[in-house]
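> If it helps, the file is called final_29.pdb and holds PDB, C-alpha atoms:
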```pdb
MODEL        1
ATOM      1  CA  ASP A 292      36.741 141.122 106.019  1.00  0.00           C
ATOM      2  CA  GLY A 293      37.706 142.499 109.406  1.00  0.00           C
ATOM      3  CA  GLY A 294      39.073 145.989 109.542  1.00  0.00           C
ATOM      4  CA  ILE A 295      38.667 149.658 110.321  1.00  0.00           C
ATOM      5  CA  THR A 296      36.807 152.057 108.089  1.00  0.00           C
ATOM      6  CA  GLN A 297      36.937 155.834 108.171  1.00  0.00           C
ATOM      7  CA  SER A 298      34.696 158.172 106.292  1.00  0.00           C
ATOM      8  CA  PRO A 299      34.826 160.364 104.430  1.00  0.00           C
ATOM      9  CA  LYS A 300      38.261 160.119 102.853  1.00  0.00           C
ATOM     10  CA  TYR A 301      38.347 163.851 102.164  1.00  0.00           C
ATOM     11  CA  LEU A 302      36.399 166.484 104.078  1.00  0.00           C
ATOM     12  CA  PHE A 303      36.152 170.199 103.596  1.00  0.00           C
ATOM     13  CA  ARG A 304      34.850 172.547 106.240  1.00  0.00           C
ATOM     14  CA  LYS A 305      34.245 176.237 106.478  1.00  0.00           C
ATOM     15  CA  GLU A 306      35.677 178.109 109.407  1.00  0.00           C
ATOM     16  CA  GLY A 307      33.326 178.163 112.387  1.00  0.00           C
ATOM     17  CA  GLN A 308      31.637 174.865 111.535  1.00  0.00           C
ATOM     18  CA  ASN A 309      31.758 171.652 113.525  1.00  0.00           C
ATOM     19  CA  VAL A 310      32.440 168.462 111.599  1.00  0.00           C
ATOM     20  CA  THR A 311      32.290 164.796 112.598  1.00  0.00           C
ATOM     21  CA  LEU A 312      34.685 162.136 111.347  1.00  0.00           C
ATOM     22  CA  SER A 313      33.477 158.558 111.361  1.00  0.00           C
ATOM     23  CA  CYS A 314      35.430 155.515 112.546  1.00  0.00           C
ATOM     24  CA  GLU A 315      34.000 152.005 112.578  1.00  0.00           C
ATOM     25  CA  GLN A 316      35.704 148.691 113.327  1.00  0.00           C
ATOM     26  CA  ASN A 317      34.478 145.107 113.084  1.00  0.00           C
ATOM     27  CA  LEU A 318      37.500 143.549 114.788  1.00  0.00           C
ATOM     28  CA  ASN A 319      35.684 143.298 118.128  1.00  0.00           C
ATOM     29  CA  HIS A 320      38.410 145.423 119.686  1.00  0.00           C
ATOM     30  CA  ASP A 321      37.760 147.076 123.029  1.00  0.00           C
ATOM     31  CA  ALA A 322      40.114 150.039 122.601  1.00  0.00           C
ATOM     32  CA  MET A 323      39.941 152.761 119.969  1.00  0.00           C
ATOM     33  CA  TYR A 324      42.090 155.817 119.312  1.00  0.00           C
ATOM     34  CA  TRP A 325      42.185 159.041 117.316  1.00  0.00           C
ATOM     35  CA  TYR A 326      45.454 160.498 116.064  1.00  0.00           C
ATOM     36  CA  ARG A 327      46.258 163.659 114.189  1.00  0.00           C
ATOM     37  CA  GLN A 328      49.092 163.736 111.660  1.00  0.00           C
ATOM     38  CA  ASP A 329      50.787 166.954 110.590  1.00  0.00           C
ATOM     39  CA  PRO A 330      53.814 167.199 108.298  1.00  0.00           C
ATOM     40  CA  GLY A 331      57.074 166.702 110.179  1.00  0.00           C
ATOM     41  CA  GLN A 332      55.396 165.902 113.506  1.00  0.00           C
ATOM     42  CA  GLY A 333      54.423 162.264 113.297  1.00  0.00           C
ATOM     43  CA  LEU A 334      51.157 161.199 114.917  1.00  0.00           C
ATOM     44  CA  ARG A 335      49.750 162.756 118.050  1.00  0.00           C
ATOM     45  CA  LEU A 336      47.026 161.250 120.219  1.00  0.00           C
ATOM     46  CA  ILE A 337      43.776 163.214 120.448  1.00  0.00           C
ATOM     47  CA  TYR A 338      41.446 160.894 122.396  1.00  0.00           C
ATOM     48  CA  TYR A 339      41.250 157.235 123.241  1.00  0.00           C
ATOM     49  CA  SER A 340      38.659 154.859 124.633  1.00  0.00           C
ATOM     50  CA  GLN A 341      39.305 151.541 126.325  1.00  0.00           C
ATOM     51  CA  ILE A 342      35.672 150.518 126.832  1.00  0.00           C
ATOM     52  CA  VAL A 343      32.218 151.601 125.756  1.00  0.00           C
ATOM     53  CA  ASN A 344      30.917 154.788 127.378  1.00  0.00           C
ATOM     54  CA  ASP A 345      34.371 155.759 128.591  1.00  0.00           C
ATOM     55  CA  PHE A 346      37.133 157.822 126.972  1.00  0.00           C
ATOM     56  CA  GLN A 347      40.175 159.858 127.973  1.00  0.00           C
ATOM     57  CA  LYS A 348      41.941 162.897 126.585  1.00  0.00           C
ATOM     58  CA  GLY A 349      45.208 162.439 124.792  1.00  0.00           C
ATOM     59  CA  ASP A 350      47.940 164.990 124.258  1.00  0.00           C
ATOM     60  CA  ILE A 351      46.036 167.404 122.012  1.00  0.00           C
ATOM     61  CA  ALA A 352      42.345 167.088 122.961  1.00  0.00           C
ATOM     62  CA  GLU A 353      41.503 170.795 122.960  1.00  0.00           C
ATOM     63  CA  GLY A 354      38.954 171.645 120.293  1.00  0.00           C
ATOM     64  CA  TYR A 355      37.901 168.016 119.804  1.00  0.00           C
ATOM     65  CA  SER A 356      35.184 165.808 121.277  1.00  0.00           C
ATOM     66  CA  VAL A 357      34.349 162.100 121.022  1.00  0.00           C
ATOM     67  CA  SER A 358      31.708 159.588 122.022  1.00  0.00           C
ATOM     68  CA  ARG A 359      31.775 155.829 122.471  1.00  0.00           C
ATOM     69  CA  GLU A 360      28.199 154.608 122.594  1.00  0.00           C
ATOM     70  CA  LYS A 361      28.923 151.382 120.730  1.00  0.00           C
ATOM     71  CA  LYS A 362      31.942 149.112 120.801  1.00  0.00           C
ATOM     72  CA  GLU A 363      32.449 149.321 117.060  1.00  0.00           C
ATOM     73  CA  SER A 364      32.116 153.092 116.657  1.00  0.00           C
ATOM     74  CA  PHE A 365      34.245 156.015 117.861  1.00  0.00           C
ATOM     75  CA  PRO A 366      33.328 159.262 116.053  1.00  0.00           C
ATOM     76  CA  LEU A 367      35.473 162.365 116.393  1.00  0.00           C
ATOM     77  CA  THR A 368      33.994 165.862 116.257  1.00  0.00           C
ATOM     78  CA  VAL A 369      36.273 168.718 115.295  1.00  0.00           C
ATOM     79  CA  THR A 370      34.722 171.808 116.803  1.00  0.00           C
ATOM     80  CA  SER A 371      35.068 175.447 115.843  1.00  0.00           C
ATOM     81  CA  ALA A 372      37.296 175.851 118.915  1.00  0.00           C
ATOM     82  CA  GLN A 373      40.062 173.882 117.196  1.00  0.00           C
ATOM     83  CA  LYS A 374      42.290 176.672 115.889  1.00  0.00           C
ATOM     84  CA  ASN A 375      44.172 174.750 113.218  1.00  0.00           C
ATOM     85  CA  PRO A 376      42.086 171.734 112.215  1.00  0.00           C
ATOM     86  CA  THR A 377      43.521 171.127 108.753  1.00  0.00           C
ATOM     87  CA  ALA A 378      45.316 167.781 109.086  1.00  0.00           C
ATOM     88  CA  PHE A 379      45.175 164.067 108.383  1.00  0.00           C
ATOM     89  CA  TYR A 380      43.206 162.129 110.993  1.00  0.00           C
ATOM     90  CA  LEU A 381      43.800 158.474 111.727  1.00  0.00           C
ATOM     91  CA  CYS A 382      41.640 156.136 113.766  1.00  0.00           C
ATOM     92  CA  ALA A 383      43.058 152.959 115.311  1.00  0.00           C
ATOM     93  CA  SER A 384      41.911 150.069 117.459  1.00  0.00           C
ATOM     94  CA  SER A 385      43.424 147.334 119.590  1.00  0.00           C
ATOM     95  CA  GLY A 386      42.124 144.373 121.542  1.00  0.00           C
ATOM     96  CA  GLY A 387      41.860 140.638 121.980  1.00  0.00           C
ATOM     97  CA  LEU A 388      44.940 138.658 121.052  1.00  0.00           C
ATOM     98  CA  SER A 389      46.269 141.773 119.292  1.00  0.00           C
ATOM     99  CA  TYR A 390      46.036 143.965 122.366  1.00  0.00           C
ATOM    100  CA  ASN A 391      49.654 145.073 122.153  1.00  0.00           C
ATOM    101  CA  GLU A 392      49.286 146.301 118.586  1.00  0.00           C
ATOM    102  CA  GLN A 393      47.185 149.042 117.052  1.00  0.00           C
ATOM    103  CA  PHE A 394      45.492 148.604 113.692  1.00  0.00           C
ATOM    104  CA  PHE A 395      44.837 151.740 111.697  1.00  0.00           C
ATOM    105  CA  GLY A 396      42.096 152.907 109.387  1.00  0.00           C
ATOM    106  CA  PRO A 397      42.813 154.576 106.028  1.00  0.00           C
ATOM    107  CA  GLY A 398      42.463 158.091 107.426  1.00  0.00           C
ATOM    108  CA  THR A 399      40.476 161.252 106.693  1.00  0.00           C
ATOM    109  CA  ARG A 400      42.012 164.377 105.246  1.00  0.00           C
ATOM    110  CA  LEU A 401      40.268 167.451 106.706  1.00  0.00           C
ATOM    111  CA  THR A 402      40.749 170.808 105.063  1.00  0.00           C
ATOM    112  CA  VAL A 403      39.356 174.043 106.449  1.00  0.00           C
ATOM    113  CA  LEU A 404      38.513 176.562 103.766  1.00  0.00           C
TER     114      LEU A 404
ATOM    115  CA  ALA B 226      56.848 161.996 129.559  1.00  0.00           C
ATOM    116  CA  GLN B 227      58.147 159.567 127.015  1.00  0.00           C
ATOM    117  CA  THR B 228      59.643 160.896 123.805  1.00  0.00           C
ATOM    118  CA  VAL B 229      60.712 159.232 120.573  1.00  0.00           C
ATOM    119  CA  THR B 230      63.355 160.750 118.313  1.00  0.00           C
ATOM    120  CA  GLN B 231      64.079 159.880 114.710  1.00  0.00           C
ATOM    121  CA  SER B 232      67.120 161.902 113.740  1.00  0.00           C
ATOM    122  CA  GLN B 233      67.040 161.095 110.016  1.00  0.00           C
ATOM    123  CA  PRO B 234      64.310 163.069 108.210  1.00  0.00           C
ATOM    124  CA  GLU B 235      65.164 161.336 104.948  1.00  0.00           C
ATOM    125  CA  MET B 236      67.214 158.353 103.794  1.00  0.00           C
ATOM    126  CA  SER B 237      67.996 156.843 100.398  1.00  0.00           C
ATOM    127  CA  VAL B 238      68.994 153.302  99.465  1.00  0.00           C
ATOM    128  CA  GLN B 239      69.785 151.527  96.253  1.00  0.00           C
ATOM    129  CA  GLU B 240      67.509 148.659  95.327  1.00  0.00           C
ATOM    130  CA  ALA B 241      68.766 145.325  96.738  1.00  0.00           C
ATOM    131  CA  GLU B 242      71.009 147.042  99.285  1.00  0.00           C
ATOM    132  CA  THR B 243      70.621 147.411 103.051  1.00  0.00           C
ATOM    133  CA  VAL B 244      69.585 150.489 104.979  1.00  0.00           C
ATOM    134  CA  THR B 245      69.261 151.226 108.691  1.00  0.00           C
ATOM    135  CA  LEU B 246      66.811 153.722 110.157  1.00  0.00           C
ATOM    136  CA  SER B 247      67.583 155.127 113.590  1.00  0.00           C
ATOM    137  CA  CYS B 248      65.319 155.661 116.565  1.00  0.00           C
ATOM    138  CA  THR B 249      66.014 156.633 120.152  1.00  0.00           C
ATOM    139  CA  TYR B 250      63.529 157.025 122.964  1.00  0.00           C
ATOM    140  CA  ASP B 251      63.393 158.297 126.477  1.00  0.00           C
ATOM    141  CA  THR B 252      61.545 156.532 129.262  1.00  0.00           C
ATOM    142  CA  SER B 253      61.881 155.672 132.926  1.00  0.00           C
ATOM    143  CA  GLU B 254      59.861 152.477 132.566  1.00  0.00           C
ATOM    144  CA  SER B 255      61.481 149.062 132.483  1.00  0.00           C
ATOM    145  CA  ASP B 256      58.748 147.270 130.557  1.00  0.00           C
ATOM    146  CA  TYR B 257      57.310 148.550 127.293  1.00  0.00           C
ATOM    147  CA  TYR B 258      56.880 147.784 123.597  1.00  0.00           C
ATOM    148  CA  LEU B 259      58.522 149.355 120.585  1.00  0.00           C
ATOM    149  CA  PHE B 260      57.192 149.367 117.040  1.00  0.00           C
ATOM    150  CA  TRP B 261      58.106 150.335 113.518  1.00  0.00           C
ATOM    151  CA  TYR B 262      55.234 151.396 111.286  1.00  0.00           C
ATOM    152  CA  LYS B 263      55.373 151.979 107.558  1.00  0.00           C
ATOM    153  CA  GLN B 264      53.230 154.622 105.838  1.00  0.00           C
ATOM    154  CA  PRO B 265      53.319 154.363 102.034  1.00  0.00           C
ATOM    155  CA  PRO B 266      51.920 157.092  99.761  1.00  0.00           C
ATOM    156  CA  SER B 267      48.424 155.672 100.337  1.00  0.00           C
ATOM    157  CA  ARG B 268      48.905 156.869 103.957  1.00  0.00           C
ATOM    158  CA  GLN B 269      47.706 153.543 105.366  1.00  0.00           C
ATOM    159  CA  MET B 270      49.706 152.769 108.512  1.00  0.00           C
ATOM    160  CA  ILE B 271      51.175 149.262 108.389  1.00  0.00           C
ATOM    161  CA  LEU B 272      52.889 147.538 111.301  1.00  0.00           C
ATOM    162  CA  VAL B 273      56.333 146.340 110.216  1.00  0.00           C
ATOM    163  CA  ILE B 274      57.812 144.897 113.379  1.00  0.00           C
ATOM    164  CA  ARG B 275      57.532 145.065 117.142  1.00  0.00           C
ATOM    165  CA  GLN B 276      59.871 144.429 120.057  1.00  0.00           C
ATOM    166  CA  GLU B 277      59.069 143.626 123.681  1.00  0.00           C
ATOM    167  CA  ALA B 278      61.488 145.370 126.033  1.00  0.00           C
ATOM    168  CA  TYR B 279      61.813 142.325 128.282  1.00  0.00           C
ATOM    169  CA  LYS B 280      63.080 140.217 125.378  1.00  0.00           C
ATOM    170  CA  GLN B 281      66.798 140.462 124.691  1.00  0.00           C
ATOM    171  CA  GLN B 282      66.520 138.814 121.300  1.00  0.00           C
ATOM    172  CA  ASN B 283      66.087 141.231 118.433  1.00  0.00           C
ATOM    173  CA  ALA B 284      62.859 140.854 116.484  1.00  0.00           C
ATOM    174  CA  THR B 285      62.960 139.792 112.832  1.00  0.00           C
ATOM    175  CA  GLU B 286      60.269 139.753 110.152  1.00  0.00           C
ATOM    176  CA  ASN B 287      61.554 138.521 106.791  1.00  0.00           C
ATOM    177  CA  ARG B 288      63.778 141.316 105.394  1.00  0.00           C
ATOM    178  CA  PHE B 289      63.142 143.574 108.398  1.00  0.00           C
ATOM    179  CA  SER B 290      65.074 143.300 111.637  1.00  0.00           C
ATOM    180  CA  VAL B 291      65.757 145.540 114.597  1.00  0.00           C
ATOM    181  CA  ASN B 292      68.763 146.317 116.730  1.00  0.00           C
ATOM    182  CA  PHE B 293      67.353 146.886 120.204  1.00  0.00           C
ATOM    183  CA  GLN B 294      69.782 148.356 122.708  1.00  0.00           C
ATOM    184  CA  LYS B 295      67.807 148.788 125.922  1.00  0.00           C
ATOM    185  CA  ALA B 296      70.533 150.449 127.971  1.00  0.00           C
ATOM    186  CA  ALA B 297      71.180 152.955 125.205  1.00  0.00           C
ATOM    187  CA  LYS B 298      67.439 153.352 124.549  1.00  0.00           C
ATOM    188  CA  SER B 299      68.014 152.744 120.880  1.00  0.00           C
ATOM    189  CA  PHE B 300      65.777 150.867 118.455  1.00  0.00           C
ATOM    190  CA  SER B 301      66.992 150.874 114.853  1.00  0.00           C
ATOM    191  CA  LEU B 302      65.335 149.188 111.873  1.00  0.00           C
ATOM    192  CA  LYS B 303      67.389 147.358 109.267  1.00  0.00           C
ATOM    193  CA  ILE B 304      65.873 146.669 105.866  1.00  0.00           C
ATOM    194  CA  SER B 305      67.780 144.111 103.816  1.00  0.00           C
ATOM    195  CA  ASP B 306      67.526 143.565 100.069  1.00  0.00           C
ATOM    196  CA  SER B 307      65.576 146.811  99.688  1.00  0.00           C
ATOM    197  CA  GLN B 308      62.719 146.805  97.210  1.00  0.00           C
ATOM    198  CA  LEU B 309      60.925 149.621  95.433  1.00  0.00           C
ATOM    199  CA  GLY B 310      57.849 148.835  97.514  1.00  0.00           C
ATOM    200  CA  ASP B 311      59.767 149.683 100.675  1.00  0.00           C
ATOM    201  CA  ALA B 312      59.685 153.369  99.763  1.00  0.00           C
ATOM    202  CA  ALA B 313      57.562 155.028 102.433  1.00  0.00           C
ATOM    203  CA  MET B 314      57.570 157.071 105.614  1.00  0.00           C
ATOM    204  CA  TYR B 315      58.705 154.973 108.570  1.00  0.00           C
ATOM    205  CA  PHE B 316      57.644 155.768 112.109  1.00  0.00           C
ATOM    206  CA  CYS B 317      59.165 154.479 115.292  1.00  0.00           C
ATOM    207  CA  ALA B 318      56.665 154.212 118.144  1.00  0.00           C
ATOM    208  CA  TYR B 319      56.779 153.510 121.858  1.00  0.00           C
ATOM    209  CA  ARG B 320      53.925 152.000 123.799  1.00  0.00           C
ATOM    210  CA  ALA B 321      53.452 153.807 127.069  1.00  0.00           C
ATOM    211  CA  MET B 322      52.139 151.630 129.867  1.00  0.00           C
ATOM    212  CA  GLU B 323      50.051 154.455 131.310  1.00  0.00           C
ATOM    213  CA  TYR B 324      47.098 155.723 129.302  1.00  0.00           C
ATOM    214  CA  GLY B 325      46.325 152.158 128.387  1.00  0.00           C
ATOM    215  CA  ASN B 326      47.820 151.264 125.038  1.00  0.00           C
ATOM    216  CA  LYS B 327      48.862 154.776 124.030  1.00  0.00           C
ATOM    217  CA  LEU B 328      51.496 155.015 121.303  1.00  0.00           C
ATOM    218  CA  VAL B 329      54.102 157.791 121.212  1.00  0.00           C
ATOM    219  CA  PHE B 330      55.463 158.363 117.713  1.00  0.00           C
ATOM    220  CA  GLY B 331      58.640 159.813 116.342  1.00  0.00           C
ATOM    221  CA  ALA B 332      58.517 162.407 113.566  1.00  0.00           C
ATOM    222  CA  GLY B 333      59.246 159.813 110.887  1.00  0.00           C
ATOM    223  CA  THR B 334      61.913 159.062 108.286  1.00  0.00           C
ATOM    224  CA  ILE B 335      61.186 159.206 104.571  1.00  0.00           C
ATOM    225  CA  LEU B 336      62.858 156.280 102.822  1.00  0.00           C
ATOM    226  CA  ARG B 337      63.530 156.577  99.097  1.00  0.00           C
ATOM    227  CA  VAL B 338      64.541 153.505  97.097  1.00  0.00           C
ATOM    228  CA  LYS B 339      66.530 154.026  93.904  1.00  0.00           C
ATOM    229  CA  SER B 340      66.328 151.578  91.029  1.00  0.00           C
TER     230      SER B 340
ENDMDL
END
```
What does this structure look like when you write it as structure tokens?

Amino acid sequence: DGGITQSPKYLFRKEGQNVTLSCEQNLNHDAMYWYRQDPGQGLRLIYYSQIVNDFQKGDIAEGYSVSREKKESFPLTVTSAQKNPTAFYLCASSGGLSYNEQFFGPGTRLTVL
Amino acid sequence: AQTVTQSQPEMSVQEAETVTLSCTYDTSESDYYLFWYKQPPSRQMILVIRQEAYKQQNATENRFSVNFQKAAKSFSLKISDSQLGDAAMYFCAYRAMEYGNKLVFGAGTILRVKS
């Protein structure tokens, strides 16, 4: 089955630690995205990548980093510089005949203890 | 910068009745896409319907339809014959032409369906 997977579903982190969220897609999509969802604020774009080995900052990139070494993978690292990292993180992809639409993964809930 | 506003934090509808969710947006572009996404309690984002700005005809997907008013920058979602499974958070989203395929989301509307 084609789709987007995110792992883990729940993640706990101590303050001062970096943590990496996984996002994998087998839809052969060129573009991938990371969004953050907070209560009452909808989704906000963190980073996006339109091709392998290239990515751009979104609206709230501070305290986050990404890599795009493979077409199917777009991991997000939440660094200790992110002041309020507790949130729900969603990965999405788009491409091919579905270029105008984004397909979302199931999300990762990150909690900082 | 583009913005999307959903002025109804929460709405309720009786099962089998019709409800309309509001969305307005601000942009200086003439060509763009608009979307409605549904997020049920599982938190999986599901595309409900999309509208191309250059098309005057309102999009329809089964019980879901939109009222797209380009001049007024309004994009409302109508759900007919509401079902219990329609209960979810609904997000309106705008596709900005810059930044590739970036989506700008509204804050969302919680829809409750009463049996």
> Against chain B, which residues of chain A fall within 10 Å? For each one I want the closest pair of atoms and the distance in Å (one decimal), counting all atoms listed in the file, rows by chain and increasing residue number, as CSV.

```
residue,atom,partner,partner_atom,distance
A:Ala322,CA,B:Asn326,CA,8.2
A:Met323,CA,B:Asn326,CA,9.5
A:Tyr324,CA,B:Lys327,CA,8.3
A:Tyr326,CA,B:Leu328,CA,9.7
A:Gln328,CA,B:Ala332,CA,9.7
A:Asp329,CA,B:Ala332,CA,9.4
A:Pro330,CA,B:Ala332,CA,8.5
A:Gly331,CA,B:Ala332,CA,5.7
A:Gln332,CA,B:Ala332,CA,4.7
A:Gly333,CA,B:Ala332,CA,4.1
A:Leu334,CA,B:Phe330,CA,5.9
A:Arg335,CA,B:Phe330,CA,7.2
A:Leu336,CA,B:Lys327,CA,7.7
A:Tyr338,CA,B:Lys327,CA,9.8
A:Tyr339,CA,B:Lys327,CA,8.0
A:Ser340,CA,B:Gly325,CA,9.0
A:Gln341,CA,B:Gly325,CA,7.3
A:Gln347,CA,B:Tyr324,CA,8.2
A:Lys348,CA,B:Tyr324,CA,9.2
A:Gly349,CA,B:Tyr324,CA,8.3
A:Asp350,CA,B:Val329,CA,10.0
A:Phe379,CA,B:Arg268,CA,9.2
A:Leu381,CA,B:Met270,CA,8.8
A:Ala383,CA,B:Met270,CA,9.5
A:Ser384,CA,B:Asn326,CA,9.7
A:Ser385,CA,B:Asn326,CA,8.0
A:Gly386,CA,B:Asn326,CA,9.6
A:Tyr390,CA,B:Asn326,CA,8.0
A:Asn391,CA,B:Asn326,CA,7.1
A:Glu392,CA,B:Leu272,CA,8.2
A:Gln393,CA,B:Leu272,CA,8.2
A:Phe394,CA,B:Ile271,CA,7.8
A:Phe395,CA,B:Met270,CA,5.9
A:Gly396,CA,B:Gln269,CA,6.9
A:Pro397,CA,B:Gln269,CA,5.0
A:Gly398,CA,B:Gln269,CA,7.2
A:Thr399,CA,B:Arg268,CA,9.9
```
> I'd like to know which of B:Pro265, B:Ser247, B:Arg337, B:Ala321 is closest to Gln294 (chain B), using only C-alpha atoms.
B:Ser247
> Neighbourhood query: residues within 9 Å of (67.3, 152.4, 89.3), file coordinates, counting only C-alpha atoms; return as a list of chain:residue names.
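Every polymer residue passing the test: B:Gln239, B:Glu240, B:Val338, B:Lys339, B:Ser340.
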> Please, could you write that set of residues out with C-alpha atoms as a PDB file, in the coordinates of the input?

```
ATOM      1  CA  GLN B 239      69.785 151.527  96.253  1.00  0.00           C
ATOM      2  CA  GLU B 240      67.509 148.659  95.327  1.00  0.00           C
ATOM      3  CA  VAL B 338      64.541 153.505  97.097  1.00  0.00           C
ATOM      4  CA  LYS B 339      66.530 154.026  93.904  1.00  0.00           C
ATOM      5  CA  SER B 340      66.328 151.578  91.029  1.00  0.00           C
TER       6      SER B 340
END
```
> Give me the residues near Gln282 (chain B) as a ChimeraX atom specification, where near means some atom within 12 Å (using only C-alpha atoms) and where sequence neighbours in that chain fewer than 4 positions away do not count.
/B:275-278,290-295
> Translate the PyMOL selection byres ((chain B and resi 242) around 12), as applied to the file shown, into an explicit residue set as a PyMOL selection string.
chain B and resi 237-241+243-245+288+303-309+311+338-340
> Expand the PyMOL selection byres ((chain A and resi 366) around 10) into the individual residues it matches in the shown file, reporting them as a PDB file with C-alpha atoms, in the coordinates of the input.

```pdb
ATOM      1  CA  GLN A 297      36.937 155.834 108.171  1.00  0.00           C
ATOM      2  CA  SER A 298      34.696 158.172 106.292  1.00  0.00           C
ATOM      3  CA  THR A 311      32.290 164.796 112.598  1.00  0.00           C
ATOM      4  CA  LEU A 312      34.685 162.136 111.347  1.00  0.00           C
ATOM      5  CA  SER A 313      33.477 158.558 111.361  1.00  0.00           C
ATOM      6  CA  CYS A 314      35.430 155.515 112.546  1.00  0.00           C
ATOM      7  CA  GLU A 315      34.000 152.005 112.578  1.00  0.00           C
ATOM      8  CA  TYR A 324      42.090 155.817 119.312  1.00  0.00           C
ATOM      9  CA  TRP A 325      42.185 159.041 117.316  1.00  0.00           C
ATOM     10  CA  SER A 356      35.184 165.808 121.277  1.00  0.00           C
ATOM     11  CA  VAL A 357      34.349 162.100 121.022  1.00  0.00           C
ATOM     12  CA  SER A 358      31.708 159.588 122.022  1.00  0.00           C
ATOM     13  CA  ARG A 359      31.775 155.829 122.471  1.00  0.00           C
ATOM     14  CA  GLU A 360      28.199 154.608 122.594  1.00  0.00           C
ATOM     15  CA  SER A 364      32.116 153.092 116.657  1.00  0.00           C
ATOM     16  CA  PHE A 365      34.245 156.015 117.861  1.00  0.00           C
ATOM     17  CA  LEU A 367      35.473 162.365 116.393  1.00  0.00           C
ATOM     18  CA  THR A 368      33.994 165.862 116.257  1.00  0.00           C
ATOM     19  CA  VAL A 369      36.273 168.718 115.295  1.00  0.00           C
ATOM     20  CA  CYS A 382      41.640 156.136 113.766  1.00  0.00           C
TER      21      CYS A 382
END
```
> Go through A:Val310, A:Leu318, A:Gly294, A:Ile342 and flag the residue nearest Tyr355 (chain A), using all atoms listed in the file for the distances.
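Comparing A:Val310, A:Leu318, A:Gly294, A:Ile342 against Tyr355 (chain A), the winner is A:Val310.
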> Around the point (54.4, 154.4, 100.7) in the file's coordinates, collect all residues with an atom within 6 Å, using all atoms listed in the file, and return them as a list in words.
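Result, sorted by chain then residue number: Gln264, Pro265, Pro266, Ala312 and Ala313 of chain B.
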> Taking into account only C-alpha atoms, which residue in the set A:Thr296, A:Asn375, A:Thr402, A:Asn317 is nearest to Lys361 (chain A)?
A:Asn317
> Counting only C-alpha atoms, which residue out of A:Asp321, A:Lys374, A:Glu363, A:Phe346 sits closest to Ile295 (chain A)?
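Closest to Ile295 (chain A) of all the choices is A:Glu363.
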> From the list B:Thr249, B:Gln227, B:Ser232, B:Thr285, which residue is nearest Ser301 (chain B) when using all atoms listed in the file?
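Using all atoms listed in the file, the shortest distance to Ser301 (chain B) belongs to B:Thr249.
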> Interatomic distance between CA of Val273 (chain B) and CA of Lys300 (chain A)?
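According to the coordinates, CA of Val273 (chain B) and CA of Lys300 (chain A) are separated by 23.9 Å.
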> Using all atoms listed in the file, which protein or nucleic acid residues come within 9 Å of Pro376 (chain A)? Drop anything in the same chain fewer than 2 positions from it, and give the result as number ranges by chain.
A: 354, 369-371, 373-374, 378, 401-403
> For each of B:Gly310, B:Leu302, B:Ala297, B:Thr252, take the minimum atom-to-atom distance to Ile274 (chain B), counting only C-alpha atoms, then give the residue where this is smallest.
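Nearest to Ile274 (chain B): B:Leu302.
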